[in-house]
Amino acid sequence: MAGKKRVREVGVAEFKAHCTTIMPEVRESGEVVRVMKRGQPLVDIHPAKVPAPAPFIGRLAGSVTRAHDIEQPLDDAWNAEQSFATVDPNVSDPDEPDA
């Protein structure tokens, strides 16, 4: 049959003894290894399918939109003396030493 990969069969004891050499061989060759136990297939080991990383250049293309003209002044007046923090007189400042 065309397109069918070759399958190498190994016993479970052989796989256990040589798994650190068999697994890299599977990755490099693309060969499928079938682990057998008492003549019955136990597991097939295939090389992992790792997707190619996305190119770095252009990765964010189209993700930024322009909201407004950043050079024009804002419509709201800004008051530098306006306090945005609410101060609770019952809470002490952790940076200040106790009196």
# chains A, B, ... in the order shown; residues from 1 in each chain; ligands from 1

$ residues_around --residues "region 42-47 of chain A" --least-positions-apart "3" --cutoff "6 Å" --atoms "only C-alpha atoms" --output "VMD selection string"
chain A and resid 26 to 27 30 32 to 36

$ write_last_selection --atoms "N, CA and C atoms" --output "PDB file, in the first residue's frame"
ATOM      1  N   VAL A  26      12.946   7.350  16.808  1.00  0.00           N
ATOM      2  CA  VAL A  26      11.602   7.585  16.276  1.00  0.00           C
ATOM      3  C   VAL A  26      11.472   9.035  15.826  1.00  0.00           C
ATOM      4  N   ARG A  27      11.960   9.972  16.662  1.00  0.00           N
ATOM      5  CA  ARG A  27      11.881  11.389  16.315  1.00  0.00           C
ATOM      6  C   ARG A  27      12.666  11.705  15.048  1.00  0.00           C
ATOM      7  N   GLY A  30      11.210   9.244  11.896  1.00  0.00           N
ATOM      8  CA  GLY A  30       9.777   9.278  11.577  1.00  0.00           C
ATOM      9  C   GLY A  30       9.146   7.907  11.585  1.00  0.00           C
ATOM     10  N   VAL A  32       7.528   4.453  12.962  1.00  0.00           N
ATOM     11  CA  VAL A  32       6.618   4.072  14.044  1.00  0.00           C
ATOM     12  C   VAL A  32       7.165   2.816  14.702  1.00  0.00           C
ATOM     13  N   VAL A  33       7.193   2.811  16.038  1.00  0.00           N
ATOM     14  CA  VAL A  33       7.626   1.638  16.791  1.00  0.00           C
ATOM     15  C   VAL A  33       6.415   1.097  17.529  1.00  0.00           C
ATOM     16  N   ARG A  34       6.137  -0.179  17.326  1.00  0.00           N
ATOM     17  CA  ARG A  34       5.022  -0.843  18.004  1.00  0.00           C
ATOM     18  C   ARG A  34       5.615  -1.706  19.114  1.00  0.00           C
ATOM     19  N   VAL A  35       5.205  -1.424  20.353  1.00  0.00           N
ATOM     20  CA  VAL A  35       5.664  -2.201  21.498  1.00  0.00           C
ATOM     21  C   VAL A  35       4.694  -3.366  21.678  1.00  0.00           C
ATOM     22  N   MET A  36       5.251  -4.571  21.724  1.00  0.00           N
ATOM     23  CA  MET A  36       4.444  -5.787  21.806  1.00  0.00           C
ATOM     24  C   MET A  36       4.603  -6.421  23.184  1.00  0.00           C
TER      25      MET A  36
END

$ atom_distance --atom1 "CA of Pro53 (chain A)" --atom2 "CA of Glu31 (chain A)"
23.6 Å

$ closest_residue --among "A:Gln72, A:Glu28, A:Thr21, A:Pro41" --to "Glu9 (chain A)" --atoms "only C-alpha atoms"
A:Pro41

$ atom_distance --atom1 "CA of Gly11 (chain A)" --atom2 "CA of Gly39 (chain A)"
8.2 Å

$ select_by_dssp --residues "region 13-45 of chain A" --states "alpha helix (DSSP H)" --output "mmCIF file with all heavy atoms, in the first residue's frame"
data_model
loop_
_atom_site.group_PDB
_atom_site.id
_atom_site.type_symbol
_atom_site.label_atom_id
_atom_site.label_comp_id
_atom_site.auth_asym_id
_atom_site.auth_seq_id
_atom_site.Cartn_x
_atom_site.Cartn_y
_atom_site.Cartn_z
ATOM 1 N N ALA A 13 10.029 -5.746 27.004
ATOM 2 C CA ALA A 13 11.281 -5.809 27.764
ATOM 3 C C ALA A 13 12.397 -5.075 27.020
ATOM 4 O O ALA A 13 13.187 -4.344 27.634
ATOM 5 C CB ALA A 13 11.670 -7.256 28.022
ATOM 6 N N GLU A 14 12.459 -5.260 25.697
ATOM 7 C CA GLU A 14 13.470 -4.556 24.894
ATOM 8 C C GLU A 14 13.234 -3.056 24.925
ATOM 9 O O GLU A 14 14.168 -2.266 25.048
ATOM 10 C CB GLU A 14 13.445 -5.055 23.447
ATOM 11 C CG GLU A 14 14.465 -4.368 22.568
ATOM 12 C CD GLU A 14 14.369 -4.767 21.100
ATOM 13 O OE1 GLU A 14 13.614 -5.708 20.771
ATOM 14 O OE2 GLU A 14 15.048 -4.108 20.290
ATOM 15 N N PHE A 15 11.953 -2.660 24.823
ATOM 16 C CA PHE A 15 11.649 -1.228 24.864
ATOM 17 C C PHE A 15 12.040 -0.640 26.213
ATOM 18 O O PHE A 15 12.620 0.443 26.285
ATOM 19 C CB PHE A 15 10.170 -0.967 24.585
ATOM 20 C CG PHE A 15 9.828 0.490 24.660
ATOM 21 C CD1 PHE A 15 10.210 1.358 23.644
ATOM 22 C CD2 PHE A 15 9.155 1.011 25.751
ATOM 23 C CE1 PHE A 15 9.927 2.710 23.716
ATOM 24 C CE2 PHE A 15 8.855 2.359 25.829
ATOM 25 C CZ PHE A 15 9.247 3.206 24.805
ATOM 26 N N LYS A 16 11.726 -1.356 27.287
ATOM 27 C CA LYS A 16 12.063 -0.872 28.619
ATOM 28 C C LYS A 16 13.577 -0.709 28.766
ATOM 29 O O LYS A 16 14.049 0.266 29.350
ATOM 30 C CB LYS A 16 11.525 -1.835 29.678
ATOM 31 C CG LYS A 16 11.761 -1.372 31.086
ATOM 32 C CD LYS A 16 11.149 -2.341 32.080
ATOM 33 C CE LYS A 16 11.434 -1.905 33.507
ATOM 34 N NZ LYS A 16 10.925 -2.849 34.475
ATOM 35 N N ALA A 17 14.333 -1.640 28.226
ATOM 36 C CA ALA A 17 15.791 -1.599 28.348
ATOM 37 C C ALA A 17 16.431 -0.541 27.451
ATOM 38 O O ALA A 17 17.479 0.007 27.795
ATOM 39 C CB ALA A 17 16.372 -2.972 28.032
ATOM 40 N N HIS A 18 15.804 -0.236 26.308
ATOM 41 C CA HIS A 18 16.426 0.657 25.326
ATOM 42 C C HIS A 18 15.565 1.870 24.963
ATOM 43 O O HIS A 18 15.774 2.478 23.909
ATOM 44 C CB HIS A 18 16.757 -0.128 24.050
ATOM 45 C CG HIS A 18 17.694 -1.253 24.278
ATOM 46 N ND1 HIS A 18 17.262 -2.558 24.375
ATOM 47 C CD2 HIS A 18 19.032 -1.284 24.467
ATOM 48 C CE1 HIS A 18 18.299 -3.343 24.589
ATOM 49 N NE2 HIS A 18 19.393 -2.595 24.659
ATOM 50 N N CYS A 19 14.616 2.240 25.794
ATOM 51 C CA CYS A 19 13.700 3.325 25.418
ATOM 52 C C CYS A 19 14.417 4.653 25.203
ATOM 53 O O CYS A 19 14.007 5.455 24.352
ATOM 54 C CB CYS A 19 12.572 3.480 26.434
ATOM 55 S SG CYS A 19 13.107 4.051 28.052
ATOM 56 N N THR A 20 15.515 4.900 25.927
ATOM 57 C CA THR A 20 16.220 6.175 25.754
ATOM 58 C C THR A 20 16.944 6.272 24.417
ATOM 59 O O THR A 20 17.301 7.376 23.992
ATOM 60 C CB THR A 20 17.233 6.396 26.897
ATOM 61 O OG1 THR A 20 18.141 5.303 26.941
ATOM 62 C CG2 THR A 20 16.513 6.557 28.223
ATOM 63 N N THR A 21 17.159 5.160 23.741
ATOM 64 C CA THR A 21 17.727 5.210 22.393
ATOM 65 C C THR A 21 16.647 5.055 21.326
ATOM 66 O O THR A 21 16.778 5.601 20.236
ATOM 67 C CB THR A 21 18.802 4.122 22.198
ATOM 68 O OG1 THR A 21 18.229 2.847 22.467
ATOM 69 C CG2 THR A 21 19.978 4.358 23.109
ATOM 70 N N ILE A 22 15.571 4.320 21.640
ATOM 71 C CA ILE A 22 14.502 4.107 20.661
ATOM 72 C C ILE A 22 13.726 5.393 20.401
ATOM 73 O O ILE A 22 13.420 5.722 19.248
ATOM 74 C CB ILE A 22 13.549 2.967 21.123
ATOM 75 C CG1 ILE A 22 14.288 1.623 21.092
ATOM 76 C CG2 ILE A 22 12.301 2.919 20.265
ATOM 77 C CD1 ILE A 22 13.506 0.470 21.693
ATOM 78 N N MET A 23 13.406 6.136 21.448
ATOM 79 C CA MET A 23 12.584 7.350 21.271
ATOM 80 C C MET A 23 13.263 8.407 20.400
ATOM 81 O O MET A 23 12.625 8.962 19.507
ATOM 82 C CB MET A 23 12.157 7.900 22.627
ATOM 83 C CG MET A 23 11.118 7.004 23.292
ATOM 84 S SD MET A 23 10.372 7.677 24.775
ATOM 85 C CE MET A 23 11.746 7.721 25.890
ATOM 86 N N PRO A 24 14.561 8.720 20.593
ATOM 87 C CA PRO A 24 15.199 9.664 19.667
ATOM 88 C C PRO A 24 15.250 9.150 18.229
ATOM 89 O O PRO A 24 15.142 9.932 17.276
ATOM 90 C CB PRO A 24 16.605 9.838 20.239
ATOM 91 C CG PRO A 24 16.481 9.479 21.668
ATOM 92 C CD PRO A 24 15.424 8.424 21.725
ATOM 93 N N GLU A 25 15.386 7.828 18.059
ATOM 94 C CA GLU A 25 15.368 7.246 16.711
ATOM 95 C C GLU A 25 14.018 7.479 16.040
ATOM 96 O O GLU A 25 13.945 7.758 14.843
ATOM 97 C CB GLU A 25 15.668 5.743 16.767
ATOM 98 C CG GLU A 25 17.097 5.409 17.118
ATOM 99 C CD GLU A 25 17.300 3.910 17.349
ATOM 100 O OE1 GLU A 25 16.344 3.128 17.163
ATOM 101 O OE2 GLU A 25 18.431 3.536 17.712
ATOM 102 N N VAL A 26 12.946 7.350 16.808
ATOM 103 C CA VAL A 26 11.602 7.585 16.276
ATOM 104 C C VAL A 26 11.472 9.035 15.826
ATOM 105 O O VAL A 26 10.961 9.331 14.754
ATOM 106 C CB VAL A 26 10.523 7.235 17.333
ATOM 107 C CG1 VAL A 26 9.157 7.737 16.916
ATOM 108 C CG2 VAL A 26 10.487 5.741 17.568
ATOM 109 N N ARG A 27 11.960 9.972 16.662
ATOM 110 C CA ARG A 27 11.881 11.389 16.315
ATOM 111 C C ARG A 27 12.666 11.705 15.048
ATOM 112 O O ARG A 27 12.192 12.429 14.173
ATOM 113 C CB ARG A 27 12.399 12.239 17.477
ATOM 114 C CG ARG A 27 12.304 13.736 17.184
ATOM 115 C CD ARG A 27 12.949 14.583 18.248
ATOM 116 N NE ARG A 27 14.371 14.277 18.308
ATOM 117 C CZ ARG A 27 15.072 14.226 19.424
ATOM 118 N NH1 ARG A 27 14.501 14.457 20.572
ATOM 119 N NH2 ARG A 27 16.352 13.930 19.398
ATOM 120 N N GLU A 28 13.869 11.158 14.932
ATOM 121 C CA GLU A 28 14.741 11.478 13.801
ATOM 122 C C GLU A 28 14.308 10.796 12.510
ATOM 123 O O GLU A 28 14.365 11.392 11.440
ATOM 124 C CB GLU A 28 16.178 11.111 14.146
ATOM 125 C CG GLU A 28 16.745 11.998 15.237
ATOM 126 C CD GLU A 28 18.035 11.458 15.816
ATOM 127 O OE1 GLU A 28 18.592 10.480 15.264
ATOM 128 O OE2 GLU A 28 18.483 12.014 16.834
ATOM 129 N N SER A 29 13.866 9.541 12.591
ATOM 130 C CA SER A 29 13.554 8.789 11.374
ATOM 131 C C SER A 29 12.095 8.915 10.948
ATOM 132 O O SER A 29 11.772 8.690 9.788
ATOM 133 C CB SER A 29 13.885 7.305 11.575
ATOM 134 O OG SER A 29 12.985 6.717 12.507
#

$ atom_distance --atom1 "CA of Gly62 (chain A)" --atom2 "CA of Lys49 (chain A)"
28.6 Å

$ decode --residues "region 58-71 of chain A" --atoms "all heavy atoms" --output "PDB file, in the first residue's frame"
ATOM      1  N   GLY A  58       6.051  40.702  11.888  1.00  0.00           N
ATOM      2  CA  GLY A  58       4.680  40.758  11.397  1.00  0.00           C
ATOM      3  C   GLY A  58       3.683  40.013  12.252  1.00  0.00           C
ATOM      4  O   GLY A  58       2.519  39.903  11.895  1.00  0.00           O
ATOM      5  N   ARG A  59       4.103  39.489  13.402  1.00  0.00           N
ATOM      6  CA  ARG A  59       3.209  38.699  14.254  1.00  0.00           C
ATOM      7  C   ARG A  59       2.013  39.519  14.743  1.00  0.00           C
ATOM      8  O   ARG A  59       0.920  38.992  14.891  1.00  0.00           O
ATOM      9  CB  ARG A  59       3.988  38.164  15.442  1.00  0.00           C
ATOM     10  CG  ARG A  59       3.176  37.238  16.327  1.00  0.00           C
ATOM     11  CD  ARG A  59       3.974  36.710  17.475  1.00  0.00           C
ATOM     12  NE  ARG A  59       5.082  35.907  16.976  1.00  0.00           N
ATOM     13  CZ  ARG A  59       6.012  35.369  17.736  1.00  0.00           C
ATOM     14  NH1 ARG A  59       5.987  35.565  19.025  1.00  0.00           N
ATOM     15  NH2 ARG A  59       6.980  34.657  17.210  1.00  0.00           N
ATOM     16  N   LEU A  60       2.207  40.805  14.986  1.00  0.00           N
ATOM     17  CA  LEU A  60       1.131  41.656  15.513  1.00  0.00           C
ATOM     18  C   LEU A  60       0.429  42.475  14.433  1.00  0.00           C
ATOM     19  O   LEU A  60      -0.370  43.355  14.755  1.00  0.00           O
ATOM     20  CB  LEU A  60       1.695  42.591  16.590  1.00  0.00           C
ATOM     21  CG  LEU A  60       2.263  41.895  17.825  1.00  0.00           C
ATOM     22  CD1 LEU A  60       2.874  42.916  18.773  1.00  0.00           C
ATOM     23  CD2 LEU A  60       1.184  41.112  18.536  1.00  0.00           C
ATOM     24  N   ALA A  61       0.692  42.176  13.186  1.00  0.00           N
ATOM     25  CA  ALA A  61       0.071  42.935  12.098  1.00  0.00           C
ATOM     26  C   ALA A  61      -1.446  42.861  12.194  1.00  0.00           C
ATOM     27  O   ALA A  61      -2.030  41.797  12.357  1.00  0.00           O
ATOM     28  CB  ALA A  61       0.533  42.396  10.744  1.00  0.00           C
ATOM     29  N   GLY A  62      -2.093  44.024  12.144  1.00  0.00           N
ATOM     30  CA  GLY A  62      -3.546  44.089  12.181  1.00  0.00           C
ATOM     31  C   GLY A  62      -4.139  44.052  13.577  1.00  0.00           C
ATOM     32  O   GLY A  62      -5.355  44.114  13.735  1.00  0.00           O
ATOM     33  N   SER A  63      -3.309  43.981  14.613  1.00  0.00           N
ATOM     34  CA  SER A  63      -3.851  43.891  15.969  1.00  0.00           C
ATOM     35  C   SER A  63      -3.996  45.253  16.641  1.00  0.00           C
ATOM     36  O   SER A  63      -4.618  45.353  17.682  1.00  0.00           O
ATOM     37  CB  SER A  63      -2.980  42.982  16.827  1.00  0.00           C
ATOM     38  OG  SER A  63      -1.699  43.556  17.005  1.00  0.00           O
ATOM     39  N   VAL A  64      -3.425  46.299  16.055  1.00  0.00           N
ATOM     40  CA  VAL A  64      -3.490  47.629  16.652  1.00  0.00           C
ATOM     41  C   VAL A  64      -4.438  48.492  15.829  1.00  0.00           C
ATOM     42  O   VAL A  64      -4.360  48.523  14.606  1.00  0.00           O
ATOM     43  CB  VAL A  64      -2.088  48.279  16.694  1.00  0.00           C
ATOM     44  CG1 VAL A  64      -2.154  49.685  17.251  1.00  0.00           C
ATOM     45  CG2 VAL A  64      -1.140  47.423  17.491  1.00  0.00           C
ATOM     46  N   THR A  65      -5.344  49.185  16.514  1.00  0.00           N
ATOM     47  CA  THR A  65      -6.258  50.091  15.835  1.00  0.00           C
ATOM     48  C   THR A  65      -6.033  51.510  16.342  1.00  0.00           C
ATOM     49  O   THR A  65      -5.581  51.714  17.475  1.00  0.00           O
ATOM     50  CB  THR A  65      -7.730  49.704  16.088  1.00  0.00           C
ATOM     51  OG1 THR A  65      -7.972  49.724  17.491  1.00  0.00           O
ATOM     52  CG2 THR A  65      -8.024  48.321  15.538  1.00  0.00           C
ATOM     53  N   ARG A  66      -6.344  52.474  15.518  1.00  0.00           N
ATOM     54  CA  ARG A  66      -6.160  53.872  15.879  1.00  0.00           C
ATOM     55  C   ARG A  66      -7.475  54.398  16.435  1.00  0.00           C
ATOM     56  O   ARG A  66      -8.495  54.404  15.746  1.00  0.00           O
ATOM     57  CB  ARG A  66      -5.742  54.663  14.653  1.00  0.00           C
ATOM     58  CG  ARG A  66      -5.389  56.066  14.953  1.00  0.00           C
ATOM     59  CD  ARG A  66      -4.872  56.741  13.713  1.00  0.00           C
ATOM     60  NE  ARG A  66      -4.578  58.120  14.031  1.00  0.00           N
ATOM     61  CZ  ARG A  66      -3.844  58.892  13.293  1.00  0.00           C
ATOM     62  NH1 ARG A  66      -3.335  58.418  12.180  1.00  0.00           N
ATOM     63  NH2 ARG A  66      -3.617  60.130  13.634  1.00  0.00           N
ATOM     64  N   ALA A  67      -7.453  54.857  17.687  1.00  0.00           N
ATOM     65  CA  ALA A  67      -8.669  55.322  18.344  1.00  0.00           C
ATOM     66  C   ALA A  67      -8.960  56.783  18.021  1.00  0.00           C
ATOM     67  O   ALA A  67     -10.100  57.147  17.766  1.00  0.00           O
ATOM     68  CB  ALA A  67      -8.555  55.138  19.849  1.00  0.00           C
ATOM     69  N   HIS A  68      -7.938  57.624  18.039  1.00  0.00           N
ATOM     70  CA  HIS A  68      -8.125  59.048  17.781  1.00  0.00           C
ATOM     71  C   HIS A  68      -6.774  59.670  17.451  1.00  0.00           C
ATOM     72  O   HIS A  68      -5.741  59.021  17.524  1.00  0.00           O
ATOM     73  CB  HIS A  68      -8.761  59.736  18.993  1.00  0.00           C
ATOM     74  CG  HIS A  68      -7.896  59.679  20.220  1.00  0.00           C
ATOM     75  ND1 HIS A  68      -7.834  58.567  21.026  1.00  0.00           N
ATOM     76  CD2 HIS A  68      -7.047  60.586  20.751  1.00  0.00           C
ATOM     77  CE1 HIS A  68      -6.981  58.801  22.014  1.00  0.00           C
ATOM     78  NE2 HIS A  68      -6.488  60.009  21.865  1.00  0.00           N
ATOM     79  N   ASP A  69      -6.810  60.964  17.122  1.00  0.00           N
ATOM     80  CA  ASP A  69      -5.585  61.686  16.811  1.00  0.00           C
ATOM     81  C   ASP A  69      -4.897  62.042  18.126  1.00  0.00           C
ATOM     82  O   ASP A  69      -5.416  62.838  18.911  1.00  0.00           O
ATOM     83  CB  ASP A  69      -5.910  62.949  16.016  1.00  0.00           C
ATOM     84  CG  ASP A  69      -4.664  63.657  15.520  1.00  0.00           C
ATOM     85  OD1 ASP A  69      -3.553  63.179  15.830  1.00  0.00           O
ATOM     86  OD2 ASP A  69      -4.802  64.681  14.829  1.00  0.00           O
ATOM     87  N   ILE A  70      -3.722  61.489  18.381  1.00  0.00           N
ATOM     88  CA  ILE A  70      -3.062  61.688  19.667  1.00  0.00           C
ATOM     89  C   ILE A  70      -2.404  63.059  19.777  1.00  0.00           C
ATOM     90  O   ILE A  70      -1.984  63.454  20.856  1.00  0.00           O
ATOM     91  CB  ILE A  70      -2.029  60.577  19.936  1.00  0.00           C
ATOM     92  CG1 ILE A  70      -0.926  60.584  18.878  1.00  0.00           C
ATOM     93  CG2 ILE A  70      -2.692  59.234  20.038  1.00  0.00           C
ATOM     94  CD1 ILE A  70       0.234  59.667  19.197  1.00  0.00           C
ATOM     95  N   GLU A  71      -2.312  63.801  18.693  1.00  0.00           N
ATOM     96  CA  GLU A  71      -1.685  65.121  18.747  1.00  0.00           C
ATOM     97  C   GLU A  71      -2.673  66.220  19.103  1.00  0.00           C
ATOM     98  O   GLU A  71      -2.268  67.308  19.473  1.00  0.00           O
ATOM     99  CB  GLU A  71      -1.010  65.426  17.417  1.00  0.00           C
ATOM    100  CG  GLU A  71       0.141  64.484  17.125  1.00  0.00           C
ATOM    101  CD  GLU A  71       0.767  64.741  15.771  1.00  0.00           C
ATOM    102  OE1 GLU A  71       0.261  65.612  15.026  1.00  0.00           O
ATOM    103  OE2 GLU A  71       1.759  64.081  15.458  1.00  0.00           O
TER     104      GLU A  71
END
